[in-house]
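Asker: Take a look at this one; I'll ask things after.
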Amino acid sequence: MRILVLGGDGYLGWSTAMYFSKRGHTVAVVDNFLRRMMHLERGTDSLTPIQSLRARVEAWKEITQLDIESFVGDVQDWHFISRVIRDFKPETIIHYGEIPSAPYSMIDVHHAVHVHENNVNGTLNVLFAMKEFAPDAHLVKLGTMGEYGTPNVDIPEGYFEVEFRGRKDVLPFPRQPGSFYHLTKVHDSNNIMFACKVWGLRATDLNQGVVYGIDTDEIKLDDRLLTRFDYDESFGTALNRFCVQAVAGIPLTVFGKGQQTRGYLDIRDTLQCVELTTLNAPAPGRMRVFNQWVEHFSVLDLALHVKHAAKQLGIDVKIAHYQNPRVEMEEHYYNPDHKELFDLGLKPHLLNETLVESVIKRVIQHKDRIVEDSIVPRIYWKRGATEEYTEILDYEENNKK
Ligand code: NAD
Ligand code: USQ
C-alpha cells in the first residue's frame, strides 16, 4: 500500500513510517520540523538524541535497504500539500502532523491561535487535497480521548443512540475538551465528518489516549533510528515525565489530587492500532471513530507504578503533589469504550510488563541529557495565576498524618 505519514519526523510519525516500511509498504513522510522549532522556542529538548530526518532516512536505508521518501514542508501550505498528495498518490494518509500539547496551547493568545491555525487549517487542506486528488484514499486521523472530556457517564466510540421527545437517532457523543489544543481536535473531527458526508471521503478518527515508551522493534535496530522522547512541561506526558523524574532523583510531579484518570497505551500499541485501522478501511461517506487506549490509570496510579518499577532497579522514588497548574476535574468517573480495535485483533502491551525494560532502562541510558529545569511546571491555566502555585507537598509525608 502507498502510505503518506503527515508529521513523520515526530514521536509517533517516525516510528510509524519505519513500521510500515518494514512491512513492505511504500512510505513517504511530510514534516516542517515545527516540533523541533517549538523546543527551540521553549529552551527544551528530547531526552533521546534524535538525528535529523535526513540522517534517519539514510540510516534506515543503510540498515534495512528500504526507502522512506521525505517531503519537507507545511501542511498549512495548500500548494505544497496538494502537490504531495497529487504526486505521491497515497492510498492511506496517516495524519499526525499537528501540535499535540495542551499546556503549549494554554500559554497565551498567540500560542492558542497558532495551535488552532496549524491544526485546523492543516486538516482542512488535507481534506480538500483528498477531494481533488485522492478521493478514494483513507484518512487515518489522530484525534484524542481528550475530545470527550470527563463526563459522568460512559463514553462510547464516537457515536451513541439518543432518544429525545419520543424520537431516536444515532448522534456524535458530546465533546467537552479540556484545553485549546483538545478543542482543535474537536474542530478537526467536525470538519472530517462533514467532508466525508458531502464528498464521500473515507476516514477514521482515532481518539487516542496518552502514549508512553521509547522502544519499538524498528527503533531497537540502531540508536540512529531513535524517536523523540519528551519530558518537559509542554510536550512531555505525565508517564514519560515520571520516568525521567525517577531517574533524575526528582520527586514525581503529581498535579492536584492525582485522581485524574486517562487511557494509556504503549507506543507499540499505537503502531498496531494504526496498522489495524489502515488494513481495515471503512466504506466511503461516514467518519468512523475508534477509541485507542489499552489501560486506564489515575495519575497517582502511574506514579506508584513508576515508583515500584524503579525500585526493581534500586532507585528510590518520592512522590510529590504539586498544586495543579491546569484547570481540570481532579476526581471523576471514567469509563470509555475501547472495543473496536480489540475486535480487529489488537494484542496489547501492559504497563507493568514493559515499564522497566522499554522505558526506564532507556531513560537511564540517556540520563546525562536530563535538564532538570525543564521539568518544573510554569504554564498556569487559571486566570491571574502566578508561580506561587508551585507549592510542593510530599505525598508520603502527607498520607502519614
Ligand atoms: P509530535 O509533535 O512528536 O509529532 C507531530 C509532528 O508533526 C512533528 O514532527 C511536527 O513537526 C509535525 N507538524 C506539526 N504541524 C505541522 C505542519 N503544519 N506541517 C508539517 N508538519 C507538522 O507529536 P506526537 O506525540 O507524535 O503526536 C502525533 C499526533 O498524535 C498528534 O496529532 C497528537 O495530537 C496525537 N496524539 C498524541 C498522543 C501522545 O500521547 N503522543 C496522544 C493522543 C493523540
Ligand atoms: N499531569 C500530572 N503531572 C505532570 C504532567 C501531567 O499530574 O507532570 C497530569 C495532568 O494534569 C493530566 C494528566 O496528567 O491530568 C495527563 O496529562 P498529560 O500531560 O500526560 O497528557 P495530556 O495533556 O492529556 O496530553 C497527552 C498528549 C496529547 C494527547 C492526550 C491524550 O500530549 O497529545 O491528545 O495526551 S488524552 O489525555 O487522552 O486527551
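Residue numbers start at 1 in each chain; chains themselves are named A, B, ... in the order of the C-alpha cells; ligands are numbered from 1 in the order shown.
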Identify, counting only C-alpha atoms and all ligand atoms, the protein, DNA and RNA residues located within 7 Å of ligand 2, and give them as an NGL selection string.
Answerer: :A and (100-103 or 143-147 or 182 or 208-211 or 233 or 235-239 or 241-242 or 253-256 or 258 or 260-263 or 299 or 324 or 326 or 328)
Asker: Using only C-alpha atoms and all ligand atoms, find each residue with an atom at most 8 Å away from ligand 1 and format the answer as a VMD selection string.
Answerer: chain A and resid 6 to 14 30 to 37 72 to 77 95 to 101 118 to 119 122 141 to 145 185 207 to 212 228 235 237
Asker: Enter the distance from CA of His138 (chain A) to CA of Asn190 (chain A), in Å, rounded to one decimal.
Answerer: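 Atom-to-atom, CA of His138 (chain A) to CA of Asn190 (chain A), that is 16.8 Å.
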Asker: Among the residues of region 200-384 of chain A, find those DSSP assigns to alpha helix (DSSP H) from the backbone and print them as a CSV table (one decimal) with N, CA and C atoms, in the first residue's frame.
Answerer:
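After the write, out_12.csv holds the following:
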```csv
chain,number,residue,atom,x,y,z
A,238,ALA,N,2.6,12.8,31.3
A,238,ALA,CA,2.9,12.5,32.7
A,238,ALA,C,3.7,11.3,32.9
A,239,LEU,N,3.4,10.2,32.2
A,239,LEU,CA,4.2,9.0,32.5
A,239,LEU,C,5.6,9.1,32.0
A,240,ASN,N,5.8,9.7,30.8
A,240,ASN,CA,7.2,9.9,30.3
A,240,ASN,C,8.0,10.8,31.3
A,241,ARG,N,7.3,11.8,31.8
A,241,ARG,CA,7.9,12.7,32.8
A,241,ARG,C,8.3,12.0,34.1
A,242,PHE,N,7.4,11.2,34.5
A,242,PHE,CA,7.6,10.5,35.8
A,242,PHE,C,8.8,9.6,35.7
A,243,CYS,N,9.0,8.9,34.5
A,243,CYS,CA,10.1,8.0,34.4
A,243,CYS,C,11.5,8.8,34.4
A,244,VAL,N,11.5,10.0,33.8
A,244,VAL,CA,12.7,10.8,33.8
A,244,VAL,C,12.9,11.3,35.2
A,245,GLN,N,11.8,11.8,35.9
A,245,GLN,CA,12.0,12.3,37.2
A,245,GLN,C,12.5,11.2,38.2
A,246,ALA,N,12.1,10.0,38.0
A,246,ALA,CA,12.5,8.9,38.8
A,246,ALA,C,14.0,8.7,38.7
A,247,VAL,N,14.5,8.7,37.4
A,247,VAL,CA,15.9,8.5,37.2
A,247,VAL,C,16.8,9.7,37.6
A,248,ALA,N,16.2,10.9,37.5
A,248,ALA,CA,16.9,12.1,37.9
A,248,ALA,C,16.9,12.4,39.4
A,267,ILE,N,3.7,2.8,23.0
A,267,ILE,CA,3.9,3.2,21.6
A,267,ILE,C,3.8,2.1,20.6
A,268,ARG,N,4.1,0.9,21.0
A,268,ARG,CA,4.0,-0.3,20.1
A,268,ARG,C,2.5,-0.6,19.8
A,269,ASP,N,1.7,-0.3,20.8
A,269,ASP,CA,0.2,-0.5,20.5
A,269,ASP,C,-0.3,0.6,19.6
A,270,THR,N,0.2,1.8,19.7
A,270,THR,CA,-0.2,2.8,18.7
A,270,THR,C,0.1,2.3,17.3
A,271,LEU,N,1.2,1.7,17.1
A,271,LEU,CA,1.6,1.2,15.8
A,271,LEU,C,0.6,0.1,15.3
A,272,GLN,N,0.4,-0.8,16.2
A,272,GLN,CA,-0.6,-1.9,15.9
A,272,GLN,C,-2.0,-1.3,15.6
A,273,CYS,N,-2.4,-0.4,16.4
A,273,CYS,CA,-3.8,0.2,16.2
A,273,CYS,C,-3.8,0.9,14.8
A,274,VAL,N,-2.8,1.6,14.5
A,274,VAL,CA,-2.8,2.4,13.2
A,274,VAL,C,-2.7,1.4,12.1
A,275,GLU,N,-2.0,0.3,12.2
A,275,GLU,CA,-1.9,-0.8,11.2
A,275,GLU,C,-3.3,-1.4,11.0
A,276,LEU,N,-3.9,-1.8,12.1
A,276,LEU,CA,-5.2,-2.5,12.0
A,276,LEU,C,-6.3,-1.6,11.4
A,277,THR,N,-6.2,-0.3,11.7
A,277,THR,CA,-7.1,0.7,11.1
A,277,THR,C,-6.8,0.8,9.6
A,278,THR,N,-5.6,0.9,9.2
A,278,THR,CA,-5.2,1.1,7.8
A,278,THR,C,-5.6,-0.1,7.0
A,279,LEU,N,-5.4,-1.3,7.5
A,279,LEU,CA,-5.7,-2.6,6.7
A,279,LEU,C,-7.2,-2.9,6.7
A,299,VAL,N,-3.5,9.5,37.7
A,299,VAL,CA,-2.1,10.0,37.7
A,299,VAL,C,-1.3,9.4,38.9
A,300,LEU,N,-2.0,9.3,40.0
A,300,LEU,CA,-1.4,8.7,41.2
A,300,LEU,C,-1.0,7.2,41.0
A,301,ASP,N,-1.9,6.5,40.3
A,301,ASP,CA,-1.6,5.1,40.0
A,301,ASP,C,-0.3,5.0,39.1
A,302,LEU,N,-0.2,6.0,38.2
A,302,LEU,CA,1.0,6.0,37.3
A,302,LEU,C,2.3,6.2,38.2
A,303,ALA,N,2.2,7.2,39.1
A,303,ALA,CA,3.3,7.5,40.0
A,303,ALA,C,3.7,6.2,40.8
A,304,LEU,N,2.7,5.5,41.3
A,304,LEU,CA,3.0,4.3,42.1
A,304,LEU,C,3.6,3.2,41.2
A,305,HIS,N,3.2,3.1,40.0
A,305,HIS,CA,3.8,2.1,39.0
A,305,HIS,C,5.2,2.4,38.8
A,306,VAL,N,5.5,3.7,38.6
A,306,VAL,CA,6.9,4.1,38.3
A,306,VAL,C,7.8,3.9,39.5
A,307,LYS,N,7.2,4.2,40.7
A,307,LYS,CA,8.0,4.0,41.9
A,307,LYS,C,8.3,2.6,42.1
A,308,HIS,N,7.4,1.7,41.9
A,308,HIS,CA,7.6,0.3,42.0
A,308,HIS,C,8.6,-0.2,41.0
A,309,ALA,N,8.4,0.2,39.7
A,309,ALA,CA,9.3,-0.3,38.7
A,309,ALA,C,10.8,0.2,38.9
A,310,ALA,N,10.9,1.5,39.4
A,310,ALA,CA,12.3,2.0,39.6
A,310,ALA,C,12.9,1.2,40.8
A,311,LYS,N,12.1,0.8,41.8
A,311,LYS,CA,12.6,0.1,42.9
A,311,LYS,C,13.3,-1.2,42.5
A,312,GLN,N,12.8,-1.8,41.4
A,312,GLN,CA,13.4,-3.1,40.9
A,312,GLN,C,14.8,-2.8,40.4
A,340,GLU,N,-13.5,-1.6,19.6
A,340,GLU,CA,-13.4,-1.8,18.1
A,340,GLU,C,-12.0,-2.3,17.7
A,341,LEU,N,-10.9,-1.7,18.3
A,341,LEU,CA,-9.6,-2.1,17.9
A,341,LEU,C,-9.2,-3.5,18.4
A,342,PHE,N,-9.8,-3.8,19.6
A,342,PHE,CA,-9.6,-5.2,20.1
A,342,PHE,C,-10.3,-6.2,19.2
A,343,ASP,N,-11.5,-5.8,18.8
A,343,ASP,CA,-12.2,-6.7,17.8
A,343,ASP,C,-11.4,-7.0,16.5
A,344,LEU,N,-10.6,-5.9,16.1
A,344,LEU,CA,-9.8,-6.1,14.9
A,344,LEU,C,-8.6,-6.9,15.1
A,351,LEU,N,1.4,-2.0,31.0
A,351,LEU,CA,2.3,-1.1,31.6
A,351,LEU,C,3.3,-1.9,32.5
A,352,ASN,N,2.8,-2.7,33.4
A,352,ASN,CA,3.7,-3.3,34.4
A,352,ASN,C,4.6,-4.4,33.8
A,353,GLU,N,4.3,-4.8,32.6
A,353,GLU,CA,5.2,-5.8,31.9
A,353,GLU,C,6.3,-5.0,31.2
A,354,THR,N,6.2,-3.7,30.9
A,354,THR,CA,7.1,-3.1,29.9
A,354,THR,C,7.9,-1.9,30.5
A,361,LYS,N,14.9,1.8,31.6
A,361,LYS,CA,16.3,1.5,31.2
A,361,LYS,C,16.8,2.4,30.1
A,362,ARG,N,15.9,2.7,29.2
A,362,ARG,CA,16.2,3.6,28.1
A,362,ARG,C,16.5,5.0,28.6
A,363,VAL,N,15.7,5.4,29.6
A,363,VAL,CA,15.9,6.8,30.2
A,363,VAL,C,17.3,6.8,30.9
A,364,ILE,N,17.6,5.7,31.6
A,364,ILE,CA,18.9,5.6,32.3
A,364,ILE,C,20.0,5.8,31.3
A,365,GLN,N,19.8,5.1,30.1
A,365,GLN,CA,20.8,5.2,29.0
A,365,GLN,C,21.2,6.7,28.7
```
Asker: Between CA of Met1 (chain A) and CA of Ile50 (chain A), what is the distance in Å, rounded to a tenth?
Answerer: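 Taking CA of Met1 (chain A) as the start and CA of Ile50 (chain A) as the end point, the length is 27.7 Å.
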